[in-house]
Amino acid sequence: MRKTLLVLPLIVALIIAACAMPAAPPPAEEVKAPEAAPPVEEEQTLIFAHSADAGTLDPALETSANSLAPASHIYEGLTTFEPGGTTPIPALATSWEVSEDGLEWIFHLREGVTFHDGTPFNADAVVFNFERWWDPDHPYNLGKDQFIYWDYMFQGFKGDETSVLAGVEKIDDMTVKLILNRPNASLLNTLAMENFRFASPKAIMEQGDKYGTAEGRAVGTGPFMLEEWVKEDHITLVRNENYWGKKPTLKRIIYRVIPDPSAAFLALQAGEIDAISLWSSPGPDEIAQAKADPNIQVIYNPAFNVGYLGLNHAKPWLQNINVRLAIAHAIDKQAIVDTLYPGDAEPAKEFMPPSLWGYNHEIEDYPYDPELAKQYLQKAIDEGVEIPDPAIFYVMPVARAYFPQPQQTGELIQSMLAEIGINTEIRSPAWPDPYLSDLEEDGTKHDLFMLGWVGDNGDPDNFLCVFFCGGDTSFNNDGQGGGLPPDEEIAQLLRDAVAETDFETRKAMYEEANRLIHERVLGVPIVHRTPPTLFRANIKGYVPSPVREILTYLVKE
Amino acid sequence: MGQYILRRLVLLIPVLIGVTFFAYGMLLLTGDPASALAGEHASPEMREALRERLGLNDPLPIQYGRFLLRLLQGDLGTSVMTRSPVAAELRQFFPATVELALAAMIIAVLVGIPLGALAGYKHNTFIDLGTMFGSLVGVSMPIFWLGLMLLYVFALKLGWFPTNGRLDPGVSLKTITNLYILDSILTGNARALVSALHHLALPAFALATIPTAFIARMTRSAMLDVLGEDYVRTARAKGLDEWVVIARHALKNALLPVVTVIGLQTGFLLAGAILTETIFAWPGMGRWIVNAIVARNFPVVQAGVLVFAVIFVFINLIVDIAYAWIDPRIRYQ
């Protein structure tokens, strides 16, 4: 017996030894959690739960919200999004001018701004950051595959023919010039994205590859500074006392990782956390509970996405406007929203969400009317259109922000189409490929498809041109795998709009494009999801945002 | 004995080569890591550049050889998602899991063995049936559900325990081993010790249910076997105190199969209790590895597989050694 009892401690000792061994050479680290908040007003701490940890806190490298959300409090760019919207407003640039041809942008920088490490923010810092992102030969560029959003938004790197950027120059200490290869009016929106916000050149040069990782530091100019990062557990940000702008009331923001939405909701109910991110908001039952709980507020954020039923214009039957009108009238969007979305979505009538500028508020959607739909379909058949039986309908196999229950949505659409006499066969190949490659690279296998889009920079170009400029072939193709816009007139309007630098003119162009897309039924937008952020009742001052949950100016009462 | 242990340790080498090679191949078979790593926004050129940088374009044996070479130099590589050294992450996540697993195993042993022994001794009584019913429930209860129920009752309704994490926000701790309980003792930090124990209680309890049930059932059936043996009757005939009969003569001999169960269960717990770690937001190995598998973060998966293999081989070795210790008739040549 005595010997037996020795076995367990032996295992224990061995394992502890195993844990302690690798820790022998590296020095002991200080895990310093924030001090307990004394009852002083400026010592407020907000604990914000999200479902997964950040990858790194170098936003130039990241695409996921879990990384970009803390980063958006640490870093600032030339522009930022107006609170609650997507209109770009001045941030570290106080003003800007654009040349007649739209190719040269001059930015005047904000005076008296310093990075968290005390180094000054100036034209050199701006040029350093742009060159780091853009120039693969820059000593601190991490390789062409690393700055994913740079490649995506600026369409290439230095030396690439496709690159939007042609150069970046310092004019004087507080003025920089961006030179473009072709006009791009969405630049101001793009520059507001977290990915293009400035890190301290000194910190990057000192840390190299470690910059932004949990072993390194993250140094920007924003209202909060990185204080501590315990991986998969929490990231603590502390107020930047030298911030140039309005000083936040919160002393600290803690991003806490709680992977399970139900557990996060229990923690919110127990008052251990102050808020749950829209990215990990719990299911319908818990939302209903939250609404009934006087200690919890449910705040819906404006939509920044669209889920749609796509029509492949390369198929002859879908080239007929009457067929497309029939489909538009056959879909009961309200029923889909009521059945499958727990109060957090609205029916869509355009291919971009209503919170964006350029949305056409005058359009009236095609009402759900199966009888009218049948008449349109009959008209098409009379014109000699052959309706395939069955039509191939691609329904995505995985949930997305805009389609949390894609299979059920697909089946509802299938039954609605069947009601007017269009039989469909649902296919759901694996996501992302071959589902996406079938749609976008092949383009011949499908008639109808479900897909959606979540915005990147809040510019209408980032919604409409993605679909209708011919970049991908899911809406149409040239028969050889190449993209071809379903409607050349609309595509040209969209290309002109992105080159137009006068804001009001540009806005009107997108409103017109939305009208034409609706009139010609290039596709059937189904839904915009408006995801909720959950807060304890004593948290005030949240401005619902389509882009990012900004916590800077929240107050605990 | 020494030679036997050495032989077992040498045997570890082919085992490790086998499992890591298998894991590497599996990961590549399940899809292109570059697509998963680069995300939906990446252009084909970007994916190609990523493949090139990570060496995914080379033939599998060359890739694997490179991995082994680095491993021999003590380099586990860099996590593709976080850009941190895998070894640094391992030093953080493994101790978190060890702390949780050991706490659960201690609960399981302290509860499971006495309960099982009692049930075996009081065969077919209310105690026996109750214990067996309880252990059946323990084995079959979904841990996900149990975890949420524990949180609901003990954290939300009663407010006795915190819902998530390893320490209260506001408690600071100087980490040495990343085993928070040990660290707080080593640094004499009473506040951190209380907080760490407080946070450990619910997840350890949830994680302990299945091993407790296994251990109780195994102890009970072994006790039943042993109680019918001649030497127990002899012991009683000698007029020994019943307590001594049970503890020294019966239970000691019944423990052999129980040790195997304890060893295997410890292995499973150390491999990361993904569900418990998810529910209680415990930053441990299970979540780390599963996230890595989903994201095709193969340097992390490789390291994880390696660690698991070492754990299981070592635990088996310890169990075998323990056999000889408990039962002197067993000798290894």
# chains A, B, ... in the order shown; residues from 1 in each chain; ligands from 1
>>> select_by_dssp(residues="range 54-267 of chain A", states="helix (DSSP H, G or I)", output="VMD selection string")
chain A and resid 59 to 61 65 to 74 123 to 134 148 to 154 187 to 191 194 to 196 201 to 210 261 to 267
>>> residues_around(residues="Leu151 in chain B", least_positions_apart="6", cutoff="12 Å", atoms="only C-alpha atoms", output="PDB file with N, CA, C and O atoms, in the first residue's frame")
ATOM      1  N   SER A 262     -22.153  30.131 -24.737  1.00  0.00           N
ATOM      2  CA  SER A 262     -23.044  29.959 -23.583  1.00  0.00           C
ATOM      3  C   SER A 262     -22.310  30.295 -22.286  1.00  0.00           C
ATOM      4  O   SER A 262     -22.870  30.925 -21.381  1.00  0.00           O
ATOM      5  N   ALA A 263     -21.043  29.857 -22.196  1.00  0.00           N
ATOM      6  CA  ALA A 263     -20.254  30.161 -21.001  1.00  0.00           C
ATOM      7  C   ALA A 263     -20.004  31.663 -20.902  1.00  0.00           C
ATOM      8  O   ALA A 263     -20.050  32.235 -19.805  1.00  0.00           O
ATOM      9  N   ALA A 264     -19.784  32.291 -22.043  1.00  0.00           N
ATOM     10  CA  ALA A 264     -19.577  33.744 -22.033  1.00  0.00           C
ATOM     11  C   ALA A 264     -20.840  34.437 -21.532  1.00  0.00           C
ATOM     12  O   ALA A 264     -20.781  35.391 -20.746  1.00  0.00           O
ATOM     13  N   PHE A 265     -21.981  33.928 -21.967  1.00  0.00           N
ATOM     14  CA  PHE A 265     -23.241  34.541 -21.552  1.00  0.00           C
ATOM     15  C   PHE A 265     -23.450  34.380 -20.040  1.00  0.00           C
ATOM     16  O   PHE A 265     -23.897  35.307 -19.358  1.00  0.00           O
ATOM     17  N   LEU A 266     -23.112  33.201 -19.501  1.00  0.00           N
ATOM     18  CA  LEU A 266     -23.200  32.998 -18.048  1.00  0.00           C
ATOM     19  C   LEU A 266     -22.281  33.975 -17.307  1.00  0.00           C
ATOM     20  O   LEU A 266     -22.654  34.530 -16.267  1.00  0.00           O
ATOM     21  N   ALA A 267     -21.084  34.173 -17.860  1.00  0.00           N
ATOM     22  CA  ALA A 267     -20.148  35.108 -17.211  1.00  0.00           C
ATOM     23  C   ALA A 267     -20.699  36.530 -17.237  1.00  0.00           C
ATOM     24  O   ALA A 267     -20.525  37.297 -16.290  1.00  0.00           O
ATOM     25  N   LEU A 268     -21.398  36.865 -18.309  1.00  0.00           N
ATOM     26  CA  LEU A 268     -22.011  38.202 -18.395  1.00  0.00           C
ATOM     27  C   LEU A 268     -23.141  38.325 -17.380  1.00  0.00           C
ATOM     28  O   LEU A 268     -23.259  39.328 -16.669  1.00  0.00           O
ATOM     29  N   GLN A 269     -23.947  37.285 -17.282  1.00  0.00           N
ATOM     30  CA  GLN A 269     -25.042  37.299 -16.300  1.00  0.00           C
ATOM     31  C   GLN A 269     -24.508  37.407 -14.885  1.00  0.00           C
ATOM     32  O   GLN A 269     -25.079  38.077 -14.035  1.00  0.00           O
ATOM     33  N   ALA A 270     -23.379  36.711 -14.638  1.00  0.00           N
ATOM     34  CA  ALA A 270     -22.786  36.735 -13.301  1.00  0.00           C
ATOM     35  C   ALA A 270     -22.068  38.051 -13.025  1.00  0.00           C
ATOM     36  O   ALA A 270     -21.611  38.274 -11.912  1.00  0.00           O
TER      37      ALA A 270
ATOM     38  N   ILE B 143     -19.809  16.143 -20.877  1.00  0.00           N
ATOM     39  CA  ILE B 143     -19.054  17.069 -20.050  1.00  0.00           C
ATOM     40  C   ILE B 143     -19.397  18.518 -20.394  1.00  0.00           C
ATOM     41  O   ILE B 143     -19.352  19.412 -19.563  1.00  0.00           O
ATOM     42  N   PHE B 144     -19.814  18.705 -21.639  1.00  0.00           N
ATOM     43  CA  PHE B 144     -20.212  20.037 -22.086  1.00  0.00           C
ATOM     44  C   PHE B 144     -21.409  20.523 -21.270  1.00  0.00           C
ATOM     45  O   PHE B 144     -21.439  21.624 -20.745  1.00  0.00           O
ATOM     46  N   TRP B 145     -22.368  19.627 -21.154  1.00  0.00           N
ATOM     47  CA  TRP B 145     -23.589  19.942 -20.410  1.00  0.00           C
ATOM     48  C   TRP B 145     -23.274  20.099 -18.930  1.00  0.00           C
ATOM     49  O   TRP B 145     -23.722  21.056 -18.281  1.00  0.00           O
ATOM     50  N   LYS B 157     -25.762  31.171  -9.995  1.00  0.00           N
ATOM     51  CA  LYS B 157     -26.824  31.223  -8.987  1.00  0.00           C
ATOM     52  C   LYS B 157     -26.256  31.396  -7.568  1.00  0.00           C
ATOM     53  O   LYS B 157     -26.740  32.209  -6.792  1.00  0.00           O
ATOM     54  N   LEU B 158     -25.254  30.580  -7.223  1.00  0.00           N
ATOM     55  CA  LEU B 158     -24.716  30.647  -5.870  1.00  0.00           C
ATOM     56  C   LEU B 158     -23.565  31.642  -5.758  1.00  0.00           C
ATOM     57  O   LEU B 158     -23.276  32.139  -4.663  1.00  0.00           O
ATOM     58  N   GLY B 159     -22.904  31.898  -6.866  1.00  0.00           N
ATOM     59  CA  GLY B 159     -21.810  32.864  -6.864  1.00  0.00           C
ATOM     60  C   GLY B 159     -20.590  32.414  -6.080  1.00  0.00           C
ATOM     61  O   GLY B 159     -19.799  33.224  -5.622  1.00  0.00           O
ATOM     62  N   TRP B 160     -20.407  31.091  -5.936  1.00  0.00           N
ATOM     63  CA  TRP B 160     -19.283  30.588  -5.138  1.00  0.00           C
ATOM     64  C   TRP B 160     -17.971  30.588  -5.913  1.00  0.00           C
ATOM     65  O   TRP B 160     -16.911  30.713  -5.335  1.00  0.00           O
ATOM     66  N   PHE B 161     -18.052  30.366  -7.222  1.00  0.00           N
ATOM     67  CA  PHE B 161     -16.836  30.224  -8.018  1.00  0.00           C
ATOM     68  C   PHE B 161     -16.875  31.150  -9.229  1.00  0.00           C
ATOM     69  O   PHE B 161     -17.951  31.495  -9.705  1.00  0.00           O
ATOM     70  N   PRO B 162     -15.702  31.519  -9.742  1.00  0.00           N
ATOM     71  CA  PRO B 162     -15.667  32.325 -10.968  1.00  0.00           C
ATOM     72  C   PRO B 162     -15.997  31.468 -12.196  1.00  0.00           C
ATOM     73  O   PRO B 162     -15.907  30.241 -12.121  1.00  0.00           O
ATOM     74  N   THR B 163     -16.379  32.104 -13.284  1.00  0.00           N
ATOM     75  CA  THR B 163     -16.806  31.341 -14.461  1.00  0.00           C
ATOM     76  C   THR B 163     -15.681  31.005 -15.413  1.00  0.00           C
ATOM     77  O   THR B 163     -15.809  30.077 -16.190  1.00  0.00           O
ATOM     78  N   ASN B 164     -14.615  31.779 -15.407  1.00  0.00           N
ATOM     79  CA  ASN B 164     -13.632  31.545 -16.466  1.00  0.00           C
ATOM     80  C   ASN B 164     -12.240  31.952 -16.045  1.00  0.00           C
ATOM     81  O   ASN B 164     -12.047  32.713 -15.102  1.00  0.00           O
ATOM     82  N   HIS B 199     -10.247  29.365  -9.028  1.00  0.00           N
ATOM     83  CA  HIS B 199     -10.544  29.207 -10.454  1.00  0.00           C
ATOM     84  C   HIS B 199     -10.427  27.759 -10.909  1.00  0.00           C
ATOM     85  O   HIS B 199     -11.056  27.356 -11.878  1.00  0.00           O
ATOM     86  N   ALA B 201     -11.233  25.030  -9.180  1.00  0.00           N
ATOM     87  CA  ALA B 201     -12.170  24.081  -8.569  1.00  0.00           C
ATOM     88  C   ALA B 201     -13.214  23.529  -9.549  1.00  0.00           C
ATOM     89  O   ALA B 201     -13.316  22.311  -9.729  1.00  0.00           O
ATOM     90  N   LEU B 202     -13.958  24.399 -10.191  1.00  0.00           N
ATOM     91  CA  LEU B 202     -15.054  23.910 -11.040  1.00  0.00           C
ATOM     92  C   LEU B 202     -14.557  23.103 -12.242  1.00  0.00           C
ATOM     93  O   LEU B 202     -15.054  22.003 -12.481  1.00  0.00           O
ATOM     94  N   PRO B 203     -13.600  23.623 -13.012  1.00  0.00           N
ATOM     95  CA  PRO B 203     -13.136  22.817 -14.145  1.00  0.00           C
ATOM     96  C   PRO B 203     -12.528  21.488 -13.707  1.00  0.00           C
ATOM     97  O   PRO B 203     -12.748  20.460 -14.367  1.00  0.00           O
ATOM     98  N   PHE B 205     -13.328  19.728 -11.107  1.00  0.00           N
ATOM     99  CA  PHE B 205     -14.443  18.861 -10.725  1.00  0.00           C
ATOM    100  C   PHE B 205     -15.120  18.291 -11.973  1.00  0.00           C
ATOM    101  O   PHE B 205     -15.395  17.099 -12.058  1.00  0.00           O
ATOM    102  N   ALA B 206     -15.385  19.153 -12.948  1.00  0.00           N
ATOM    103  CA  ALA B 206     -16.041  18.696 -14.179  1.00  0.00           C
ATOM    104  C   ALA B 206     -15.184  17.648 -14.874  1.00  0.00           C
ATOM    105  O   ALA B 206     -15.668  16.602 -15.307  1.00  0.00           O
ATOM    106  N   THR B 276     -13.668  20.726 -21.597  1.00  0.00           N
ATOM    107  CA  THR B 276     -13.568  21.446 -20.324  1.00  0.00           C
ATOM    108  C   THR B 276     -12.835  22.762 -20.526  1.00  0.00           C
ATOM    109  O   THR B 276     -13.224  23.803 -19.993  1.00  0.00           O
ATOM    110  N   ILE B 279     -15.299  25.268 -22.226  1.00  0.00           N
ATOM    111  CA  ILE B 279     -16.374  25.787 -21.378  1.00  0.00           C
ATOM    112  C   ILE B 279     -15.842  26.750 -20.318  1.00  0.00           C
ATOM    113  O   ILE B 279     -16.404  27.808 -20.086  1.00  0.00           O
ATOM    114  N   PHE B 280     -14.726  26.369 -19.681  1.00  0.00           N
ATOM    115  CA  PHE B 280     -14.232  27.188 -18.579  1.00  0.00           C
ATOM    116  C   PHE B 280     -13.168  28.187 -19.026  1.00  0.00           C
ATOM    117  O   PHE B 280     -12.494  28.778 -18.194  1.00  0.00           O
ATOM    118  N   ALA B 281     -13.045  28.371 -20.334  1.00  0.00           N
ATOM    119  CA  ALA B 281     -12.065  29.309 -20.888  1.00  0.00           C
ATOM    120  C   ALA B 281     -10.694  29.092 -20.258  1.00  0.00           C
ATOM    121  O   ALA B 281     -10.044  30.020 -19.800  1.00  0.00           O
TER     122      ALA B 281
END
>>> interface_residues(of="chain B", to="chain A", cutoff="6 Å", atoms="only C-alpha atoms", output="ChimeraX atom specification")
/B:42,46,49-50,81-82,156,163,169-177,252,278-279,281,283,326
>>> residues_around(residues="Asp478 in chain A", least_positions_apart="2", cutoff="12 Å", atoms="only C-alpha atoms", output="PyMOL selection string")
chain A and resi 312-315+440-444+470-476+480-486
>>> write_last_selection(atoms="N, CA and C atoms", output="PDB file, in the first residue's frame")
ATOM      1  N   ASN A 312     -26.449  32.961 -62.328  1.00  0.00           N
ATOM      2  CA  ASN A 312     -25.338  32.837 -63.266  1.00  0.00           C
ATOM      3  C   ASN A 312     -25.774  33.301 -64.658  1.00  0.00           C
ATOM      4  N   HIS A 313     -25.368  34.513 -65.019  1.00  0.00           N
ATOM      5  CA  HIS A 313     -25.819  35.098 -66.293  1.00  0.00           C
ATOM      6  C   HIS A 313     -25.194  34.419 -67.504  1.00  0.00           C
ATOM      7  N   ALA A 314     -24.252  33.540 -67.291  1.00  0.00           N
ATOM      8  CA  ALA A 314     -23.692  32.803 -68.417  1.00  0.00           C
ATOM      9  C   ALA A 314     -24.681  31.747 -68.927  1.00  0.00           C
ATOM     10  N   LYS A 315     -25.684  31.437 -68.117  1.00  0.00           N
ATOM     11  CA  LYS A 315     -26.685  30.446 -68.534  1.00  0.00           C
ATOM     12  C   LYS A 315     -27.795  31.163 -69.309  1.00  0.00           C
ATOM     13  N   GLU A 440     -16.304  30.404 -58.888  1.00  0.00           N
ATOM     14  CA  GLU A 440     -15.515  31.554 -59.327  1.00  0.00           C
ATOM     15  C   GLU A 440     -14.480  31.217 -60.383  1.00  0.00           C
ATOM     16  N   GLU A 441     -13.983  29.977 -60.385  1.00  0.00           N
ATOM     17  CA  GLU A 441     -12.946  29.666 -61.361  1.00  0.00           C
ATOM     18  C   GLU A 441     -13.511  28.875 -62.534  1.00  0.00           C
ATOM     19  N   ASP A 442     -14.526  28.088 -62.257  1.00  0.00           N
ATOM     20  CA  ASP A 442     -15.130  27.304 -63.332  1.00  0.00           C
ATOM     21  C   ASP A 442     -16.305  28.088 -63.916  1.00  0.00           C
ATOM     22  N   GLY A 443     -17.332  28.270 -63.113  1.00  0.00           N
ATOM     23  CA  GLY A 443     -18.445  29.107 -63.547  1.00  0.00           C
ATOM     24  C   GLY A 443     -19.423  28.438 -64.495  1.00  0.00           C
ATOM     25  N   THR A 444     -19.231  27.142 -64.800  1.00  0.00           N
ATOM     26  CA  THR A 444     -20.152  26.497 -65.740  1.00  0.00           C
ATOM     27  C   THR A 444     -21.094  25.537 -65.041  1.00  0.00           C
ATOM     28  N   GLY A 470     -16.836  42.131 -62.927  1.00  0.00           N
ATOM     29  CA  GLY A 470     -16.267  41.047 -63.719  1.00  0.00           C
ATOM     30  C   GLY A 470     -15.036  40.417 -63.106  1.00  0.00           C
ATOM     31  N   GLY A 471     -14.722  40.790 -61.892  1.00  0.00           N
ATOM     32  CA  GLY A 471     -13.528  40.242 -61.232  1.00  0.00           C
ATOM     33  C   GLY A 471     -13.642  38.749 -60.974  1.00  0.00           C
ATOM     34  N   ASP A 472     -14.798  38.309 -60.537  1.00  0.00           N
ATOM     35  CA  ASP A 472     -14.973  36.862 -60.414  1.00  0.00           C
ATOM     36  C   ASP A 472     -16.055  36.417 -61.384  1.00  0.00           C
ATOM     37  N   THR A 473     -16.175  35.114 -61.531  1.00  0.00           N
ATOM     38  CA  THR A 473     -17.034  34.612 -62.600  1.00  0.00           C
ATOM     39  C   THR A 473     -18.286  33.953 -62.063  1.00  0.00           C
ATOM     40  N   SER A 474     -18.590  34.166 -60.784  1.00  0.00           N
ATOM     41  CA  SER A 474     -19.768  33.475 -60.268  1.00  0.00           C
ATOM     42  C   SER A 474     -21.053  34.032 -60.875  1.00  0.00           C
ATOM     43  N   PHE A 475     -21.043  35.345 -61.235  1.00  0.00           N
ATOM     44  CA  PHE A 475     -22.234  35.915 -61.860  1.00  0.00           C
ATOM     45  C   PHE A 475     -22.226  35.748 -63.383  1.00  0.00           C
ATOM     46  N   ASN A 476     -21.047  35.555 -63.934  1.00  0.00           N
ATOM     47  CA  ASN A 476     -20.950  35.425 -65.382  1.00  0.00           C
ATOM     48  C   ASN A 476     -19.523  35.039 -65.714  1.00  0.00           C
ATOM     49  N   GLN A 480     -14.269  30.636 -70.843  1.00  0.00           N
ATOM     50  CA  GLN A 480     -12.933  30.049 -70.699  1.00  0.00           C
ATOM     51  C   GLN A 480     -12.392  30.259 -69.277  1.00  0.00           C
ATOM     52  N   GLY A 481     -13.285  30.479 -68.353  1.00  0.00           N
ATOM     53  CA  GLY A 481     -12.839  30.650 -66.971  1.00  0.00           C
ATOM     54  C   GLY A 481     -12.517  32.087 -66.616  1.00  0.00           C
ATOM     55  N   GLY A 482     -12.657  32.988 -67.563  1.00  0.00           N
ATOM     56  CA  GLY A 482     -12.362  34.386 -67.292  1.00  0.00           C
ATOM     57  C   GLY A 482     -13.612  35.131 -66.851  1.00  0.00           C
ATOM     58  N   GLY A 483     -13.410  36.244 -66.138  1.00  0.00           N
ATOM     59  CA  GLY A 483     -14.544  37.021 -65.663  1.00  0.00           C
ATOM     60  C   GLY A 483     -15.138  37.890 -66.764  1.00  0.00           C
ATOM     61  N   LEU A 484     -16.441  38.068 -66.710  1.00  0.00           N
ATOM     62  CA  LEU A 484     -17.132  38.927 -67.660  1.00  0.00           C
ATOM     63  C   LEU A 484     -18.293  39.519 -66.880  1.00  0.00           C
ATOM     64  N   PRO A 485     -18.392  40.856 -66.816  1.00  0.00           N
ATOM     65  CA  PRO A 485     -19.482  41.408 -66.010  1.00  0.00           C
ATOM     66  C   PRO A 485     -20.834  41.000 -66.595  1.00  0.00           C
ATOM     67  N   PRO A 486     -21.811  40.737 -65.750  1.00  0.00           N
ATOM     68  CA  PRO A 486     -23.136  40.374 -66.257  1.00  0.00           C
ATOM     69  C   PRO A 486     -23.794  41.524 -67.010  1.00  0.00           C
TER      70      PRO A 486
END
>>> atom_distance(atom1="CA of Ala273 in chain B", atom2="CA of Met285 in chain B")
7.9 Å
>>> closest_residue(among="B:Thr20, B:Gln63, B:Gln3, B:Ser84", to="Leu306 in chain B", atoms="only C-alpha atoms")
B:Thr20
>>> residues_around(residues="range 95-111 of chain B", least_positions_apart="2", cutoff="6 Å", atoms="only C-alpha atoms", output="ChimeraX atom specification")
/B:93,113-114,178-179,204,207-208,211-212,269-270,284-285
